[in-house]
Amino acid sequence: MTEDFRAMGHAPVSRRRFLTLGLAAMGTLGLSRRRVLAASPNDRITLGFIGMGRQNRSLLNGFLRKPEVQVVAVCDVDTTRREDARQRVDAFYGREQRSGGYRGCAAYRDFRELLARSDIDAVVIATPDHWHALQVVAAAAAGKDIYCEKPLSLTIAEAQAMVEAVRRHGRVLQTGSQQRSSSEFRRACELVRNGRIGRVERVIVGVGGPSRWCDLPEEPLEPGLDWDLWLGPAPWRPYNSILSPRGVHDHFPLWRRYREYSGGAMTDWGAHHFDIAQWGLGMDGSGPVEVIPPEDPGSGTGVRFRYANGVEVIHDSDKRGVWFEGTEGRIFVDRGKFEAQPEAVAAEPLGPGALRLYASDDHLQDWLDCMRTRRRPICDVEVGARSVTVCHLGNLAYWYGRRLRWDPAQWRFVGDAEANGWLDRPRREPWKLAT
């Protein structure tokens, strides 16, 4: 850590001194620079990246090409991925020869060291799902704005805690549910919200099913990976390369299949498509009031979400995309796909008095713009939290085979102490979710 801080012109900070800091004790870091940034549109936004797998490499490439951005630090528990990311940044800025003098990109193993830097305005988080909440809450307390990949959380309690932390510290968080910044999804939701298909009766969401407990065998741990830090708050288990493939790879690791780290396709793709269902129903600040499992919960398909207005959202793991079905028509939307039945539903453009949804055509730029203006971005923290909560509710119905009544205003199950025990999970010491 000392070498990284010296390279960037900082006084060295001992590892022992730093690691004695609790995640909740970072609340004053970074605030002075954020005030300057908000007031100075010519000041470049400095970014740090946490978790340098395939997704964050893609985000890194996107942000490097933004002229108002300066990437100054990367972080990963794997030495090879960490150094590859550092070299990518240095090579890019070396080619660009930006004015002001480029002093090199720092690389960290522990995200807390990156968050301790007062010269970083914002962080981009693309770690496994079980890490999101701890890192978002710590980043908010450290005065950083945040781009966090979907699904936003591992549990419902984490989703609520992330909303509270971002609001309490006045941060701007963009959830990486980029479909909101795609025109076909906005068009579909605007038509639905403006009554083009009549009264909405049901929505079918086509994504895969829930995750399961991990049963992978132990494999030899290769040097260069901090496996204990990869696990973090998750239960201890021996290393397996399925969970954290070594080195720089070009696929999405399958930790997504396992309950210790993710909610499966139900949260992975569900955080995209249930998000669109919520948007089209106008439920960004709410959610269903009842969750009904299928006759065979082990099938992983068929759970129904009932909303207070009577609309049902149905999960179908054999399909992909979102179908809005109303009394006067039907709209199907998926990435690059849009269909309306009858065609007249979408034939005429919406008039000047129609309801218009937040328009963004660049998810990354929208976040950068909102850091300047301090307004909420298109996929604000509560949007991401409410959408992933729908996914979590579905998983709980599958896992426990229980019909559940949900109070979205209180973030709790109604009259069901057992179910309220499922809102969160224990975390391995010493990791705690600050409140």
# chains A, B, ... in the order shown; residues from 1 in each chain; ligands from 1
$ select_by_dssp --residues "segment 42-86 of chain A" --states "strand (DSSP E or B)" --output "number ranges by chain"
A: 45-50, 69-75, 78
$ closest_atom_pairs --of "segment 153-210 of chain A" --to "segment 308-315 of chain A" --cutoff "6 Å" --atoms "only C-alpha atoms" --output "tab-separated table"
residue	atom	partner	partner_atom	distance
A:Glu201	CA	A:Val311	CA	5.1
A:Arg202	CA	A:Glu312	CA	4.7
A:Val203	CA	A:Val313	CA	4.6
A:Ile204	CA	A:Ile314	CA	4.8
A:Val205	CA	A:His315	CA	5.1
$ atom_distance --atom1 "atom CA of Val248 of chain A" --atom2 "atom CA of Thr80 of chain A"
6.7 Å
$ atom_distance --atom1 "atom CA of Pro342 of chain A" --atom2 "atom CA of Arg193 of chain A"
16.9 Å
$ residues_around --residues "Gly232 of chain A" --least-positions-apart "6" --cutoff "8 Å" --atoms "only C-alpha atoms" --output "compact mmCIF listing (two decimals) with C-alpha atoms, in the first residue's frame"
# COMPACT_ATOMS: atom_id res chain seq x y z
CA TRP A 131 -19.73 -7.95 -1.68
CA ARG A 428 -18.48 -14.14 8.46
CA TRP A 431 -17.35 -8.30 8.23
